[in-house]
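Here's protein28.cif, which has mmCIF, C-alpha atoms:
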```cif
data_upload
#
loop_
_atom_site.label_atom_id
_atom_site.label_comp_id
_atom_site.auth_asym_id
_atom_site.auth_seq_id
_atom_site.Cartn_x
_atom_site.Cartn_y
_atom_site.Cartn_z
CA MET A 1 22.07 -11.35 -2.40
CA ARG A 2 18.51 -12.49 -1.71
CA ILE A 3 16.62 -14.30 1.05
CA LYS A 4 15.17 -17.40 -0.58
CA LEU A 5 15.25 -19.90 2.28
CA THR A 6 14.64 -20.04 5.97
CA SER A 7 14.39 -23.13 8.12
CA VAL A 8 12.89 -24.85 11.13
CA ILE A 9 14.66 -27.76 12.75
CA VAL A 10 12.34 -30.72 13.16
CA ASP A 11 12.71 -34.04 14.99
CA ASP A 12 10.98 -36.03 12.24
CA GLN A 13 10.79 -34.78 8.65
CA GLU A 14 7.83 -36.93 7.59
CA LYS A 15 5.77 -35.92 10.61
CA ALA A 16 6.77 -32.30 10.03
CA LEU A 17 5.71 -32.45 6.38
CA ARG A 18 2.28 -33.70 7.41
CA PHE A 19 1.88 -31.01 10.08
CA TYR A 20 3.14 -28.12 7.97
CA THR A 21 1.01 -29.09 4.93
CA GLU A 22 -2.12 -30.82 6.27
CA VAL A 23 -2.51 -28.71 9.42
CA LEU A 24 -0.83 -25.34 8.84
CA GLY A 25 -1.68 -25.32 5.12
CA PHE A 26 1.69 -24.90 3.43
CA VAL A 27 2.45 -26.65 0.14
CA LYS A 28 5.38 -29.00 -0.50
CA LYS A 29 7.85 -27.40 -2.92
CA ARG A 30 10.95 -29.62 -3.04
CA ASP A 31 11.61 -33.13 -1.79
CA ILE A 32 15.08 -34.43 -2.65
CA PRO A 33 16.44 -37.66 -1.08
CA MET A 34 19.72 -37.09 0.78
CA GLY A 35 20.55 -40.48 2.26
CA GLU A 36 19.21 -40.64 5.79
CA HIS A 37 17.40 -37.32 5.41
CA ARG A 38 15.74 -35.23 2.67
CA TRP A 39 16.02 -31.70 1.32
CA LEU A 40 12.45 -30.84 2.09
CA THR A 41 10.87 -27.43 1.65
CA VAL A 42 7.38 -25.96 1.84
CA VAL A 43 5.95 -22.64 0.68
CA ALA A 44 2.88 -20.55 1.46
CA ASN A 45 -0.14 -21.65 -0.53
CA ASP A 46 -0.73 -18.14 -1.90
CA GLU A 47 2.97 -17.32 -2.41
CA ARG A 48 4.29 -20.41 -4.12
CA ASP A 49 7.22 -18.51 -5.60
CA GLY A 50 8.01 -16.96 -2.21
CA VAL A 51 10.54 -17.84 0.48
CA GLU A 52 10.93 -21.60 1.00
CA LEU A 53 10.85 -23.05 4.50
CA VAL A 54 13.30 -25.92 4.93
CA LEU A 55 12.11 -28.67 7.27
CA GLU A 56 15.58 -29.36 8.52
CA PRO A 57 16.41 -32.66 10.27
CA LEU A 58 18.05 -32.69 13.68
CA GLY A 59 21.26 -34.23 12.41
CA PHE A 60 23.58 -32.34 14.75
CA PRO A 61 23.05 -33.41 18.41
CA PRO A 62 23.70 -29.98 20.02
CA ALA A 63 20.82 -28.65 17.92
CA ARG A 64 18.49 -30.80 20.02
CA THR A 65 19.72 -29.02 23.17
CA TYR A 66 19.11 -25.65 21.53
CA GLN A 67 15.67 -26.68 20.32
CA LYS A 68 14.64 -28.03 23.72
CA ALA A 69 15.84 -24.93 25.57
CA LEU A 70 13.75 -22.69 23.30
CA PHE A 71 10.76 -24.97 23.56
CA ASP A 72 10.88 -25.19 27.37
CA ALA A 73 11.04 -21.40 27.63
CA GLY A 74 8.05 -21.09 25.27
CA ILE A 75 10.15 -19.12 22.79
CA PRO A 76 9.05 -19.46 19.15
CA LEU A 77 11.65 -20.77 16.74
CA THR A 78 10.11 -18.59 14.05
CA ALA A 79 6.93 -16.67 13.21
CA PHE A 80 4.51 -16.77 10.29
CA HIS A 81 2.23 -13.96 9.16
CA VAL A 82 -1.52 -14.60 8.89
CA ASP A 83 -4.40 -12.33 7.87
CA ASP A 84 -6.54 -13.14 10.89
CA VAL A 85 -5.02 -14.63 14.04
CA GLU A 86 -8.41 -15.28 15.66
CA ARG A 87 -9.67 -17.22 12.64
CA GLU A 88 -6.48 -19.32 12.44
CA TYR A 89 -6.63 -19.96 16.17
CA GLN A 90 -10.19 -21.29 15.87
CA ARG A 91 -9.36 -23.39 12.80
CA LEU A 92 -6.22 -24.92 14.27
CA THR A 93 -7.82 -25.55 17.66
CA GLN A 94 -10.48 -27.59 15.89
CA LEU A 95 -7.69 -29.59 14.25
CA GLY A 96 -6.27 -30.40 17.68
CA VAL A 97 -3.30 -28.01 17.70
CA SER A 98 -2.20 -26.92 21.17
CA PHE A 99 -1.32 -23.32 22.00
CA SER A 100 0.94 -21.99 24.75
CA ILE A 101 -0.29 -18.43 24.08
CA LYS A 102 -3.89 -17.80 23.03
CA PRO A 103 -4.74 -14.71 20.93
CA THR A 104 -2.92 -11.82 22.58
CA VAL A 105 -2.63 -8.20 21.50
CA MET A 106 0.82 -6.69 21.74
CA GLY A 107 0.90 -3.13 20.47
CA PRO A 108 0.26 -3.27 16.73
CA ALA A 109 0.38 -7.07 16.61
CA LYS A 110 -1.97 -9.85 17.56
CA LEU A 111 -0.25 -13.18 18.13
CA VAL A 112 -0.58 -16.78 19.23
CA VAL A 113 2.08 -19.43 19.88
CA LEU A 114 1.45 -23.03 18.89
CA ASN A 115 3.21 -26.37 19.29
CA ASP A 116 4.25 -27.76 15.88
CA THR A 117 4.56 -31.32 17.34
CA CYS A 118 8.12 -31.48 15.94
CA GLY A 119 9.86 -29.88 18.92
CA ASN A 120 9.11 -26.20 18.26
CA ASN A 121 6.94 -23.33 19.30
CA ILE A 122 5.74 -21.35 16.28
CA GLN A 123 4.28 -17.87 16.49
CA LEU A 124 1.48 -16.66 14.22
CA PHE A 125 0.96 -12.91 13.99
CA GLN A 126 -1.06 -10.25 12.25
CA ILE A 127 -0.53 -6.51 12.26
CA VAL A 128 -3.70 -4.69 13.27
CA MET B 1 2.91 -19.37 32.02
CA THR B 2 6.09 -19.69 29.93
CA TYR B 3 9.09 -17.40 30.14
CA TYR B 4 8.21 -16.04 26.69
CA HIS B 5 4.64 -15.27 27.70
CA GLN B 6 5.87 -13.39 30.79
CA GLU B 7 8.28 -11.40 28.65
CA ILE B 8 5.51 -10.48 26.19
CA ILE B 9 3.41 -9.11 29.02
CA ARG B 10 6.35 -7.21 30.51
CA ILE B 11 7.41 -5.69 27.20
CA ARG B 12 3.83 -4.74 26.36
CA GLU B 13 3.40 -2.93 29.66
CA GLU B 14 6.78 -1.22 29.62
CA HIS B 15 7.25 -0.31 25.98
CA TYR B 16 4.01 -0.28 23.99
CA LEU B 17 1.45 2.48 23.68
CA LYS B 18 -1.73 2.31 25.74
CA PRO B 19 -4.51 0.27 24.08
CA TYR B 20 -6.82 3.27 23.52
CA ILE B 21 -4.06 5.10 21.64
CA SER B 22 -3.16 1.95 19.77
CA ASP B 23 -6.80 1.64 18.68
CA HIS B 24 -6.71 5.12 17.11
CA LEU B 25 -3.59 4.14 15.18
CA SER B 26 -5.12 0.84 14.03
CA ARG B 27 -8.04 2.92 12.78
CA ALA B 28 -5.61 5.13 10.83
CA LYS B 29 -3.89 2.09 9.37
CA ARG B 30 -7.17 0.49 8.29
CA PHE B 31 -8.21 3.76 6.67
CA ILE B 32 -4.98 3.73 4.64
CA ASP B 33 -5.43 0.04 3.78
CA GLU B 34 -8.95 0.62 2.48
CA ASN B 35 -8.31 3.90 0.67
CA CYS B 36 -4.71 3.69 -0.46
CA CYS B 37 -5.61 3.95 -4.14
CA THR B 38 -7.68 7.11 -3.70
CA ALA B 39 -6.47 10.66 -3.19
CA ILE B 40 -6.16 10.53 0.60
CA ASP B 41 -3.70 12.70 2.45
CA LEU B 42 -2.46 13.23 6.00
CA GLN B 43 -5.38 15.55 6.76
CA ALA B 44 -7.94 12.86 5.86
CA ILE B 45 -6.10 10.18 7.86
CA SER B 46 -5.84 12.55 10.82
CA GLU B 47 -9.58 13.34 10.77
CA PHE B 48 -10.54 9.69 10.46
CA SER B 49 -8.35 8.60 13.36
CA PHE B 50 -9.29 11.52 15.65
CA LEU B 51 -5.63 12.46 16.11
CA SER B 52 -3.93 15.74 15.24
CA LYS B 53 -1.50 15.52 12.34
CA PHE B 54 1.39 16.07 14.75
CA TYR B 55 0.38 13.21 17.07
CA LEU B 56 -0.60 10.98 14.18
CA ILE B 57 2.87 11.15 12.64
CA ARG B 58 4.63 10.79 15.97
CA LEU B 59 2.53 7.93 17.35
CA PHE B 60 2.06 6.06 14.06
CA THR B 61 5.83 5.99 13.62
CA ARG B 62 6.24 4.78 17.20
CA GLN B 63 3.74 1.95 16.67
CA TYR B 64 4.53 0.80 13.13
CA GLY B 65 8.10 1.94 12.64
CA ILE B 66 7.32 4.07 9.57
CA THR B 67 5.42 7.34 9.01
CA PRO B 68 1.81 7.30 7.75
CA HIS B 69 3.06 8.69 4.44
CA GLN B 70 5.64 5.93 4.09
CA TYR B 71 2.98 3.33 4.91
CA LEU B 72 0.60 4.84 2.35
CA THR B 73 3.33 4.74 -0.29
CA GLU B 74 4.16 1.15 0.63
CA ARG B 75 0.51 0.10 0.17
CA ARG B 76 0.29 1.96 -3.12
CA ILE B 77 3.40 0.24 -4.41
CA GLN B 78 1.99 -3.15 -3.40
CA ALA B 79 -1.16 -2.31 -5.38
CA ALA B 80 0.99 -1.19 -8.32
CA LYS B 81 2.86 -4.52 -8.27
CA ARG B 82 -0.41 -6.40 -8.58
CA LEU B 83 -1.49 -4.19 -11.48
CA LEU B 84 1.84 -4.54 -13.29
CA ALA B 85 1.77 -8.30 -12.77
CA SER B 86 -1.64 -8.33 -14.47
CA GLN B 87 -0.01 -6.56 -17.44
CA LYS B 88 -1.42 -3.08 -16.88
CA THR B 89 0.95 -0.48 -18.35
CA VAL B 90 3.22 1.60 -16.14
CA MET B 91 1.08 4.69 -16.83
CA GLU B 92 -2.14 2.85 -16.00
CA ALA B 93 -0.67 1.57 -12.74
CA CYS B 94 0.69 5.01 -11.86
CA TYR B 95 -2.64 6.81 -12.19
CA HIS B 96 -4.72 3.98 -10.79
CA ILE B 97 -2.91 4.05 -7.45
CA GLY B 98 -3.12 7.81 -7.06
CA PHE B 99 0.34 9.04 -8.10
CA GLU B 100 0.27 12.36 -9.90
CA SER B 101 3.33 11.91 -12.08
CA PRO B 102 5.08 8.92 -13.66
CA ASN B 103 8.43 10.27 -12.47
CA SER B 104 7.48 10.29 -8.80
CA PHE B 105 5.84 6.87 -9.24
CA SER B 106 8.96 5.38 -10.81
CA ALA B 107 11.20 6.86 -8.13
CA ALA B 108 8.99 5.54 -5.31
CA PHE B 109 8.62 2.14 -6.97
CA ARG B 110 12.37 1.77 -7.35
CA LYS B 111 12.96 2.88 -3.77
CA TYR B 112 10.56 0.27 -2.37
CA THR B 113 11.23 -2.65 -4.70
CA GLY B 114 14.75 -2.10 -6.00
CA VAL B 115 13.70 -2.15 -9.66
CA SER B 116 11.83 0.22 -11.99
CA PRO B 117 8.13 -0.40 -12.76
CA SER B 118 8.93 -1.39 -16.35
CA GLU B 119 11.66 -3.82 -15.24
CA TYR B 120 9.25 -5.35 -12.74
CA ARG B 121 6.50 -5.69 -15.36
CA LYS B 122 8.93 -7.26 -17.81
CA LYS B 123 10.09 -9.76 -15.20
CA GLN B 124 6.52 -10.75 -14.37
CA PHE B 125 5.84 -11.30 -18.06
CA SER B 126 8.94 -13.48 -18.45
CA ILE B 127 7.85 -15.60 -15.47
CA ARG B 128 4.42 -16.17 -16.99
CA PHE B 129 5.75 -16.72 -20.50
CA PRO B 130 9.25 -18.23 -20.49
CA GLN B 131 11.74 -17.01 -23.10
CA GLU B 132 11.11 -19.66 -25.74
CA THR B 133 7.37 -18.98 -25.89
CA VAL B 134 7.64 -15.19 -26.22
CA PRO B 135 8.39 -15.04 -30.00
CA ILE B 136 5.40 -17.27 -30.71
CA LEU B 137 3.07 -15.23 -28.54
CA SER B 138 4.27 -11.92 -29.91
CA GLY B 139 4.01 -13.11 -33.50
CA THR B 140 7.72 -12.74 -34.26
CA LYS B 141 10.09 -15.48 -35.33
CA LYS B 142 13.81 -15.84 -34.82
#
```
Represent the structure from my file as structure tokens, please.
Amino acid sequence: MRIKLTSVIVDDQEKALRFYTEVLGFVKKRDIPMGEHRWLTVVANDERDGVELVLEPLGFPPARTYQKALFDAGIPLTAFHVDDVEREYQRLTQLGVSFSIKPTVMGPAKLVVLNDTCGNNIQLFQIV
Amino acid sequence: MTYYHQEIIRIREEHYLKPYISDHLSRAKRFIDENCCTAIDLQAISEFSFLSKFYLIRLFTRQYGITPHQYLTERRIQAAKRLLASQKTVMEACYHIGFESPNSFSAAFRKYTGVSPSEYRKKQFSIRFPQETVPILSGTKK
């Protein structure tokens, strides 16, 4: 048994693909038409054979309630590791990304929380 | 301020080590990161981080969830994976990352990755050169 996939639920797959590739810097791995939606995954640019992130459509209405509750509480849906939180914060701020938590040290971790424009808070962290 | 932000602040104040202690431990971790392939030991890490060996082990484990020795081994195995992926031999990788014997290297590698160094190296080779190209590259024919 292996962990090959994880997912974020997104309100618009095309918008999510643009944000996760053009802004965050991931790379599209698979894009398979599935009727109304797509099987759409991205991977880290420097780990292209690593875990795939599924940009999962909000096809199940209760999922929207779950997503909104997390978002309103500022809770990240998931977290991505970066080498330098401060550098990513500066880069993404210049690209217009909004943050609910600016660079904050928490024990061995430094973190920020950003709005992915698709209904989610996403945490970026580094271990210092 | 969001609920999550408030919780982060609360948890940090109630459960994490004080920043000045955390800084010593970050210093220890950086020392391991930068010197993991040399012959460093607990004494050297302790001196560099200005913490006694006793407190270093106790506090490092509290902050990072593993002992300094486990972290050092983890970093060495990560370095070994890069070497094996670049087709260095198991022996070359073993000595390059500071292990004293191939047996202890193999045992540690298997513990951290789930496979032996030679299996890992072979797998990396098969990813770079899929099965059908291997006979051509190695000069053998079926």
Kindly determine which residues of chain A lie within 12 Å of chain B, considering only C-alpha atoms, and give the answer as a compact mmCIF listing (two decimals) with C-alpha atoms, in the frame of the given file.
```
# COMPACT_ATOMS: atom_id res chain seq x y z
CA ARG A 2 18.51 -12.49 -1.71
CA ASP A 49 7.22 -18.51 -5.60
CA ALA A 69 15.84 -24.93 25.57
CA LEU A 70 13.75 -22.69 23.30
CA PHE A 71 10.76 -24.97 23.56
CA ASP A 72 10.88 -25.19 27.37
CA ALA A 73 11.04 -21.40 27.63
CA GLY A 74 8.05 -21.09 25.27
CA ILE A 75 10.15 -19.12 22.79
CA PRO A 76 9.05 -19.46 19.15
CA LEU A 77 11.65 -20.77 16.74
CA PHE A 99 -1.32 -23.32 22.00
CA SER A 100 0.94 -21.99 24.75
CA ILE A 101 -0.29 -18.43 24.08
CA LYS A 102 -3.89 -17.80 23.03
CA PRO A 103 -4.74 -14.71 20.93
CA THR A 104 -2.92 -11.82 22.58
CA VAL A 105 -2.63 -8.20 21.50
CA MET A 106 0.82 -6.69 21.74
CA GLY A 107 0.90 -3.13 20.47
CA PRO A 108 0.26 -3.27 16.73
CA ALA A 109 0.38 -7.07 16.61
CA LYS A 110 -1.97 -9.85 17.56
CA LEU A 111 -0.25 -13.18 18.13
CA VAL A 112 -0.58 -16.78 19.23
CA VAL A 113 2.08 -19.43 19.88
CA ASN A 121 6.94 -23.33 19.30
CA ILE A 122 5.74 -21.35 16.28
CA GLN A 123 4.28 -17.87 16.49
CA GLN A 126 -1.06 -10.25 12.25
CA ILE A 127 -0.53 -6.51 12.26
CA VAL A 128 -3.70 -4.69 13.27
```
Please evaluate the PyMOL selection byres ((chain B and resi 121) around 12) against the structure above and give the resulting residues as an MDAnalysis selection string. chainID B and resid 80:91 93 109 115:120 122:128
Please indicate the distance in Å from CA of Pro61 (chain A) to CA of Asp11 (chain A), rounded to one decimal place.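 Atom-to-atom, CA of Pro61 (chain A) to CA of Asp11 (chain A), that is 10.9 Å.
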State, in Å with one decimal place, the distance from CA of Phe31 (chain B) to CA of Arg58 (chain B).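 Those two atoms sit 17.3 Å apart.
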Selection under test: the PyMOL selection byres ((chain A and resi 3) around 10); residues as a list in words: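 Those residues are Met1, Arg2, Lys4, Leu5, Thr6, Gly50, Val51 and Glu52 of chain A.
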Quick one: which residues end up in the PyMOL selection byres ((chain A and resi 116) around 10) for this structure, as a PyMOL selection string? chain A and resi 10+15-16+19-20+23-24+97-99+113-115+117-123
Could you state the separation of CA of Val43 (chain A) and CA of Ala79 (chain A) in Å, given to one decimal place?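 Computed distance, CA of Val43 (chain A) to CA of Ala79 (chain A), equals 13.9 Å.
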Between B:Cys94, B:Gln78, B:Glu34, B:Ser101, single out the one closest to Thr113 (chain B), counting only C-alpha atoms.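 With only C-alpha atoms as the atom set, the closest residue is B:Gln78.
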Find the residues near Ala44 (chain B): any atom within 10 Å, counting all atoms listed in the file, skip ones fewer than 6 places away on the same chain, and give them as a ChimeraX atom specification. /B:28,31-32,50,53
Closest to Ser49 (chain B) among B:Tyr20, B:Tyr95, B:Phe105, B:Tyr71, using all atoms listed in the file?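 Under the stated criterion, the closest residue is B:Tyr20.
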Using only the atoms of region 87-92 of chain A listed in the file, plus 5 Å on each side, state the axis-aligned box centre and edge lengths in Å rounded to one decimal, as lines of an AutoDock Vina configuration file.
```
center_x = -8.2
center_y = -21.1
center_z = 14.3
size_x = 14.0
size_y = 17.7
size_z = 13.7
```
Write out as a list in words each polymer residue whose atoms come within 12 Å of Thr38 (chain B), counting all atoms listed in the file; drop sequence neighbours fewer than 2 positions from it.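 Contacts, with the query itself left out: Phe31, Ile32, Asp33, Glu34, Asn35, Cys36, Ile40, Asp41, Ala44, Leu72, Thr73, Arg75, Arg76, Ala79, Cys94, Tyr95, His96, Ile97, Gly98, Phe99 and Glu100 of chain B.
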Point out the residue among A:Tyr66, A:Phe26, A:Phe125, A:Phe60 with the least atom-to-atom distance to Val82 (chain A), counting only C-alpha atoms.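 When distances to Val82 (chain A) are compared using only C-alpha atoms, the smallest one comes from A:Phe125.
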Would you mind putting back N, CA and C atoms on region 41-75 of chain A, then writing it out as an mmCIF file, keeping the file's coordinate frame?
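Once everything was written out, this is rebuild_39.cif:
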```cif
data_model
loop_
_atom_site.group_PDB
_atom_site.id
_atom_site.type_symbol
_atom_site.label_atom_id
_atom_site.label_comp_id
_atom_site.auth_asym_id
_atom_site.auth_seq_id
_atom_site.Cartn_x
_atom_site.Cartn_y
_atom_site.Cartn_z
ATOM 1 N N THR A 41 11.305 -28.822 1.425
ATOM 2 C CA THR A 41 10.870 -27.430 1.650
ATOM 3 C C THR A 41 9.366 -27.289 1.390
ATOM 4 N N VAL A 42 8.780 -26.314 2.072
ATOM 5 C CA VAL A 42 7.380 -25.960 1.840
ATOM 6 C C VAL A 42 7.291 -24.464 1.582
ATOM 7 N N VAL A 43 6.183 -24.070 0.945
ATOM 8 C CA VAL A 43 5.950 -22.640 0.680
ATOM 9 C C VAL A 43 4.517 -22.288 1.068
ATOM 10 N N ALA A 44 4.247 -21.000 1.174
ATOM 11 C CA ALA A 44 2.880 -20.550 1.460
ATOM 12 C C ALA A 44 1.996 -20.873 0.267
ATOM 13 N N ASN A 45 0.784 -21.262 0.543
ATOM 14 C CA ASN A 45 -0.140 -21.650 -0.530
ATOM 15 C C ASN A 45 -0.379 -20.512 -1.514
ATOM 16 N N ASP A 46 -0.448 -19.277 -1.007
ATOM 17 C CA ASP A 46 -0.730 -18.140 -1.900
ATOM 18 C C ASP A 46 0.529 -17.372 -2.289
ATOM 19 N N GLU A 47 1.708 -17.927 -1.963
ATOM 20 C CA GLU A 47 2.970 -17.320 -2.410
ATOM 21 C C GLU A 47 3.917 -18.453 -2.788
ATOM 22 N N ARG A 48 3.527 -19.192 -3.808
ATOM 23 C CA ARG A 48 4.290 -20.410 -4.120
ATOM 24 C C ARG A 48 5.665 -20.129 -4.706
ATOM 25 N N ASP A 49 5.875 -18.876 -5.141
ATOM 26 C CA ASP A 49 7.220 -18.510 -5.600
ATOM 27 C C ASP A 49 7.942 -17.704 -4.516
ATOM 28 N N GLY A 50 7.409 -17.737 -3.304
ATOM 29 C CA GLY A 50 8.010 -16.960 -2.210
ATOM 30 C C GLY A 50 9.113 -17.725 -1.495
ATOM 31 N N VAL A 51 9.460 -17.243 -0.317
ATOM 32 C CA VAL A 51 10.540 -17.840 0.480
ATOM 33 C C VAL A 51 10.176 -19.292 0.827
ATOM 34 N N GLU A 52 11.156 -20.196 0.663
ATOM 35 C CA GLU A 52 10.930 -21.600 1.000
ATOM 36 C C GLU A 52 11.355 -21.871 2.446
ATOM 37 N N LEU A 53 10.545 -22.656 3.122
ATOM 38 C CA LEU A 53 10.850 -23.050 4.500
ATOM 39 C C LEU A 53 11.416 -24.468 4.475
ATOM 40 N N VAL A 54 12.667 -24.603 4.900
ATOM 41 C CA VAL A 54 13.300 -25.920 4.930
ATOM 42 C C VAL A 54 12.906 -26.624 6.224
ATOM 43 N N LEU A 55 12.390 -27.841 6.088
ATOM 44 C CA LEU A 55 12.110 -28.670 7.270
ATOM 45 C C LEU A 55 13.386 -29.459 7.526
ATOM 46 N N GLU A 56 14.191 -28.918 8.393
ATOM 47 C CA GLU A 56 15.580 -29.360 8.520
ATOM 48 C C GLU A 56 15.726 -30.428 9.607
ATOM 49 N N PRO A 57 16.294 -31.586 9.272
ATOM 50 C CA PRO A 57 16.410 -32.660 10.270
ATOM 51 C C PRO A 57 17.405 -32.317 11.372
ATOM 52 N N LEU A 58 17.161 -32.909 12.534
ATOM 53 C CA LEU A 58 18.050 -32.690 13.680
ATOM 54 C C LEU A 58 19.261 -33.616 13.573
ATOM 55 N N GLY A 59 20.126 -33.342 12.623
ATOM 56 C CA GLY A 59 21.260 -34.230 12.410
ATOM 57 C C GLY A 59 22.446 -33.928 13.293
ATOM 58 N N PHE A 60 22.430 -32.790 13.949
ATOM 59 C CA PHE A 60 23.580 -32.340 14.750
ATOM 60 C C PHE A 60 23.126 -32.310 16.212
ATOM 61 N N PRO A 61 23.594 -33.263 17.046
ATOM 62 C CA PRO A 61 23.050 -33.410 18.410
ATOM 63 C C PRO A 61 22.919 -32.125 19.223
ATOM 64 N N PRO A 62 23.895 -31.208 19.218
ATOM 65 C CA PRO A 62 23.700 -29.980 20.020
ATOM 66 C C PRO A 62 22.469 -29.175 19.614
ATOM 67 N N ALA A 63 22.021 -29.375 18.369
ATOM 68 C CA ALA A 63 20.820 -28.650 17.920
ATOM 69 C C ALA A 63 19.614 -29.075 18.748
ATOM 70 N N ARG A 64 19.611 -30.312 19.203
ATOM 71 C CA ARG A 64 18.490 -30.800 20.020
ATOM 72 C C ARG A 64 18.448 -30.049 21.363
ATOM 73 N N THR A 65 19.639 -29.779 21.914
ATOM 74 C CA THR A 65 19.720 -29.020 23.170
ATOM 75 C C THR A 65 19.173 -27.604 22.976
ATOM 76 N N TYR A 66 19.574 -27.008 21.858
ATOM 77 C CA TYR A 66 19.110 -25.650 21.530
ATOM 78 C C TYR A 66 17.599 -25.638 21.348
ATOM 79 N N GLN A 67 17.103 -26.607 20.582
ATOM 80 C CA GLN A 67 15.670 -26.680 20.320
ATOM 81 C C GLN A 67 14.884 -26.859 21.616
ATOM 82 N N LYS A 68 15.366 -27.743 22.471
ATOM 83 C CA LYS A 68 14.640 -28.030 23.720
ATOM 84 C C LYS A 68 14.643 -26.814 24.652
ATOM 85 N N ALA A 69 15.761 -26.105 24.692
ATOM 86 C CA ALA A 69 15.840 -24.930 25.570
ATOM 87 C C ALA A 69 14.828 -23.861 25.121
ATOM 88 N N LEU A 70 14.740 -23.653 23.814
ATOM 89 C CA LEU A 70 13.750 -22.690 23.300
ATOM 90 C C LEU A 70 12.341 -23.159 23.619
ATOM 91 N N PHE A 71 12.112 -24.442 23.370
ATOM 92 C CA PHE A 71 10.760 -24.970 23.560
ATOM 93 C C PHE A 71 10.325 -24.844 25.027
ATOM 94 N N ASP A 72 11.228 -25.233 25.947
ATOM 95 C CA ASP A 72 10.880 -25.190 27.370
ATOM 96 C C ASP A 72 10.596 -23.770 27.855
ATOM 97 N N ALA A 73 11.258 -22.798 27.230
ATOM 98 C CA ALA A 73 11.040 -21.400 27.630
ATOM 99 C C ALA A 73 9.820 -20.801 26.910
ATOM 100 N N GLY A 74 9.222 -21.583 26.011
ATOM 101 C CA GLY A 74 8.050 -21.090 25.270
ATOM 102 C C GLY A 74 8.411 -20.136 24.156
ATOM 103 N N ILE A 75 9.703 -20.075 23.807
ATOM 104 C CA ILE A 75 10.150 -19.120 22.790
ATOM 105 C C ILE A 75 9.938 -19.693 21.387
#
```
